[in-house]
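Below you'll find the structure, written out as structure tokens, and then a few comments.
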Amino acid sequence: MKNKTLSACLALLAALALMNCGGKSGGGAAQTQTTPAQVTVVVGSEPNTIDPALNSAVDAAMYLSHAFEGLYKYVDNGQGRAQAVPGQAVEAPQKTVNPDGTVVYVYTLRDNLTWSDGKALAAADFVYTWQRLVDPATAADYSYMIDMVQNANEIMAGEKDKSELGIRAVNDKTLEITLTYDCPFFDEIACFPATFPVRRDVIESAGDQWTFSPSTYISNGPYRMKEWVHNSYLLFEKNPHYYAPVADGPDNLRFALMDDDNAILAGFKSGELDFIENIPVDEIPSLLASGELKIADYLGTYYVSINTQRAPFTDPRVRKAFTLAIDRDYIVNQITRTGQKPASGFVPAGMADAEAGSDFRKTGGDYYHIDPADYEKNVAEAKRLLAEAGYPGGAGFPVVEYIYNTNDAHRAIAEALQDMWRTALGVTVTLSNQDWAVFLDTRKTGGYSIARDGWIGDYNDPINFLDMFISGGGNNNSQYKNPEYDRLIAAAKGTAVQADRMRYLHQAEDLLVGADYAVGPIYFYTQMYMMNPALSGMYYTPLGYFFFTNVKGAK
């Protein structure tokens, strides 16, 4: 998730991004500021799930971030950028370091917290939620998100009961969490949708249907579900039971569920839609030139997942050949055209390394030629590897399939990759455009050879881009398995010493991309969007979330 902190390109765009976000966007500041009755946005199509524990998509994470709230939350820093601050917790936790190296975080919850139906919310609700997240029966892709909590890994492995997770309610207002080490990004974990509290009685009564109806979709954030017309829209209304009522924001947030880029742009131009992200590829240059299309920084990597368990991609030489044959410069300059940078590794630029001011990507270096003048060297090496694997000039290589989901940009990239692999390697790759839900299931279960993929940081630390590839990981779409890789990730999670953590993580990326080629990175993201210039107050995090709670203006 994803989501969707600056690459070299993004650093150039940061000032633009700041001007284009929040209260400084468009011409909104010159308008008389009023509370809109409704703001309509498009950030995705029909979600696969809006269960906080089961979701792994950025679009649904935005829905969740308006309807729920964790121990921490994201607020506007006054410049249109999000910052993590206490949410359901009234203040930062008290920390105690134990002799065995474990760290106890004690959170005090706000007074009179309630659910969206008015019932009281207590520390025990967080205990239930976090135990549910790591319970193997839940099968949550993001169970590993809280693997720094004591006994989480043993519970996920089926070695201990979920009741042994290092979290307990001291009383209704006091929550105690024991970590195996002092996690430097735990505030962001406490903001993450998978950790949002959910209601035990509702889930146990309604089962897996609890998310489908406003009567059972009980939340605790500034908005609550009012209506869900599947494949059409999700309608949220202000939550009257939220501890800090949304006085100035929209009365209703309408998330239109759409995936046709041309229809989305037409809806924006007609005034039906107030905010959109997906733009038809051919329209990008003119919309950028007019200033209507905004570009924000985005901490993420667009890549192809290669199924390491399906022949002929069981051979790392074949996987490397397909990765080297990708002309990244062509894709970012001729197709995406919104400031993306060719990916030289998997972890994007903008993630700090051990030393102050250092960058993980710069320290790690490039895993293949990035300069467009050297692309032919990549191709020559790819041809050599494919021949070495038994397929000289592509002879005898089976027809394989590349899957992606409906979107103009994804389709254009898929067609470009198909041509690159045919031209450089002499192989035939067919394309399969799948509906979103089908695509997610096919990719997750490994029912493919090559798949469109992308990862947006969940928090600002390199491990977030690497720990999902441990054997059996819920987001390990490549079905990658390497015991040494697992060991390195475990070592990185077992120490709070930054120099040691980063050394292990660099070694892990060396395996993932530099030796095993389980993924084929293509580019580092930027985020494009368009917003009704009569509105202001939207804010944004480079992790991929837009927030509309504070949006105001005369429409």
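Here's how to read the names in the structure tokens: chain A, B, ... by the order shown, residue numbers from 1 in each chain, ligand numbers from 1 in the order shown.
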
Task: Long-range neighbours of A:Gly70 as a list in words, 7 Å cut-off, only C-alpha atoms, 6 positions minimum in chain - done: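 Result of the neighbour search: Gly87, Gln88, Ala190, Cys191, Thr195, Phe196 and Pro197 of chain A.
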
Report the closest atom pair, with its distance in Å rounded to one decimal, for each residue of stretch 320-390 of chain A that has an atom no farther than 12 Å from stretch 291-294 of chain A; count only C-alpha atoms, sort by chain and then rising residue number, and write it as CSV.
```
residue,atom,partner,partner_atom,distance
A:Arg337,CA,A:Leu293,CA,11.9
A:Thr338,CA,A:Lys294,CA,9.3
A:Gly339,CA,A:Lys294,CA,11.2
```

Taking only C-alpha atoms into account, produce a table as a tab-separated table in which each residue of stretch 88-176 of chain A with an atom at most 8 Å from an atom of stretch 474-489 of chain A appears once, together with its shortest atom pair and the distance in Å to one decimal, ordered by chain and rising number.
```
residue	atom	partner	partner_atom	distance
A:Ala140	CA	A:Gly474	CA	7.0
A:Asp141	CA	A:Gly474	CA	4.0
A:Tyr142	CA	A:Gly474	CA	6.5
A:Ser143	CA	A:Gly474	CA	7.8
```

Could you turn the residues from that selection into a file that holds C-alpha atoms, as a PDB file, in the first residue's frame?
```pdb
ATOM      1  CA  ALA A 140      -4.170 -10.105   7.018  1.00  0.00           C
ATOM      2  CA  ASP A 141      -1.572  -9.075   4.438  1.00  0.00           C
ATOM      3  CA  TYR A 142      -0.347  -6.435   6.860  1.00  0.00           C
ATOM      4  CA  SER A 143      -0.060  -8.651   9.935  1.00  0.00           C
TER       5      SER A 143
END
```

Compile a residue-level contact table for stretch 450-552 of chain A against stretch 423-434 of chain A at a cut-off of 12 Å, reporting for every qualifying residue the shortest atom pair and its distance in Å to one decimal, with only C-alpha atoms counted, rows ordered by chain and ascending number, as CSV.
```
residue,atom,partner,partner_atom,distance
A:Ile450,CA,A:Val429,CA,9.3
A:Ala451,CA,A:Ser432,CA,9.5
A:Arg452,CA,A:Asn433,CA,10.3
```

Those residues with N, CA and C atoms, as an mmCIF file, in the first residue's frame please?
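Written file, result.cif:
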```cif
data_model
loop_
_atom_site.group_PDB
_atom_site.id
_atom_site.type_symbol
_atom_site.label_atom_id
_atom_site.label_comp_id
_atom_site.auth_asym_id
_atom_site.auth_seq_id
_atom_site.Cartn_x
_atom_site.Cartn_y
_atom_site.Cartn_z
ATOM 1 N N ILE A 450 4.140 -12.589 -15.003
ATOM 2 C CA ILE A 450 4.654 -11.239 -14.751
ATOM 3 C C ILE A 450 3.440 -10.356 -14.461
ATOM 4 N N ALA A 451 3.567 -9.431 -13.506
ATOM 5 C CA ALA A 451 2.429 -8.597 -13.135
ATOM 6 C C ALA A 451 2.855 -7.163 -12.873
ATOM 7 N N ARG A 452 1.990 -6.250 -13.241
ATOM 8 C CA ARG A 452 2.167 -4.849 -12.876
ATOM 9 C C ARG A 452 2.079 -4.752 -11.358
#
```

- [ ] Find the residues near A:Ala508: any atom within 12 Å, counting only C-alpha atoms, skip ones fewer than 5 places away on the same chain, and give them as number ranges by chain.
- [x] A: 345-347, 364, 462-463, 465-470, 482-492, 501-503, 513-518

Those selected residues, please, written with C-alpha atoms and delivered as a CSV table (one decimal), in the first residue's frame.
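Writing done, so here's part-v8.csv:
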```
chain,number,residue,atom,x,y,z
A,345,GLY,CA,16.9,-0.1,-7.3
A,346,PHE,CA,13.8,-1.0,-5.3
A,347,VAL,CA,14.0,1.3,-2.3
A,364,GLY,CA,23.0,1.7,-2.1
A,462,PRO,CA,13.6,1.5,4.1
A,463,ILE,CA,12.5,-1.6,5.8
A,465,PHE,CA,10.1,-1.6,1.1
A,466,LEU,CA,12.0,-4.7,1.9
A,467,ASP,CA,10.3,-6.7,4.7
A,468,MET,CA,7.3,-7.6,2.5
A,469,PHE,CA,9.5,-10.0,0.6
A,470,ILE,CA,10.2,-12.4,3.4
A,482,ASN,CA,15.4,-17.0,0.2
A,483,PRO,CA,16.4,-18.0,3.8
A,484,GLU,CA,19.3,-15.6,3.8
A,485,TYR,CA,17.0,-12.7,2.9
A,486,ASP,CA,14.7,-13.7,5.7
A,487,ARG,CA,17.7,-13.8,8.1
A,488,LEU,CA,18.8,-10.3,7.1
A,489,ILE,CA,15.3,-8.8,7.5
A,490,ALA,CA,15.0,-10.4,10.9
A,491,ALA,CA,18.4,-9.0,11.9
A,492,ALA,CA,17.4,-5.5,10.8
A,501,ARG,CA,19.9,-1.9,10.6
A,502,MET,CA,20.9,-0.1,7.4
A,503,ARG,CA,23.8,-2.5,6.7
A,513,VAL,CA,17.5,-6.9,-6.8
A,514,GLY,CA,21.2,-7.4,-7.3
A,515,ALA,CA,21.3,-11.3,-7.2
A,516,ASP,CA,17.8,-12.8,-7.3
A,517,TYR,CA,16.0,-10.2,-9.4
A,518,ALA,CA,12.6,-11.1,-7.9
```

Open item on the list: Can you measure atom CA of A:Glu415 to atom CA of A:Gly300 for me? One decimal in Å is fine.
Closed with: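 Distance between the two atoms: 22.1 Å.
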
Task: Two-atom distance - atom CA of A:Arg443, atom CA of A:Gln309 (Å) - done: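 About the pair atom CA of A:Arg443 and atom CA of A:Gln309: they are 12.8 Å apart.
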
- [ ] Report the residues of stretch 332-394 of chain A whose backbone DSSP state falls under alpha helix (DSSP H), written as JSON, numbers by chain.
- [x] {"A": [360, 361, 362, 363, 364, 375, 376, 377, 378, 379, 380, 381, 382, 383, 384, 385, 386, 387, 388]}
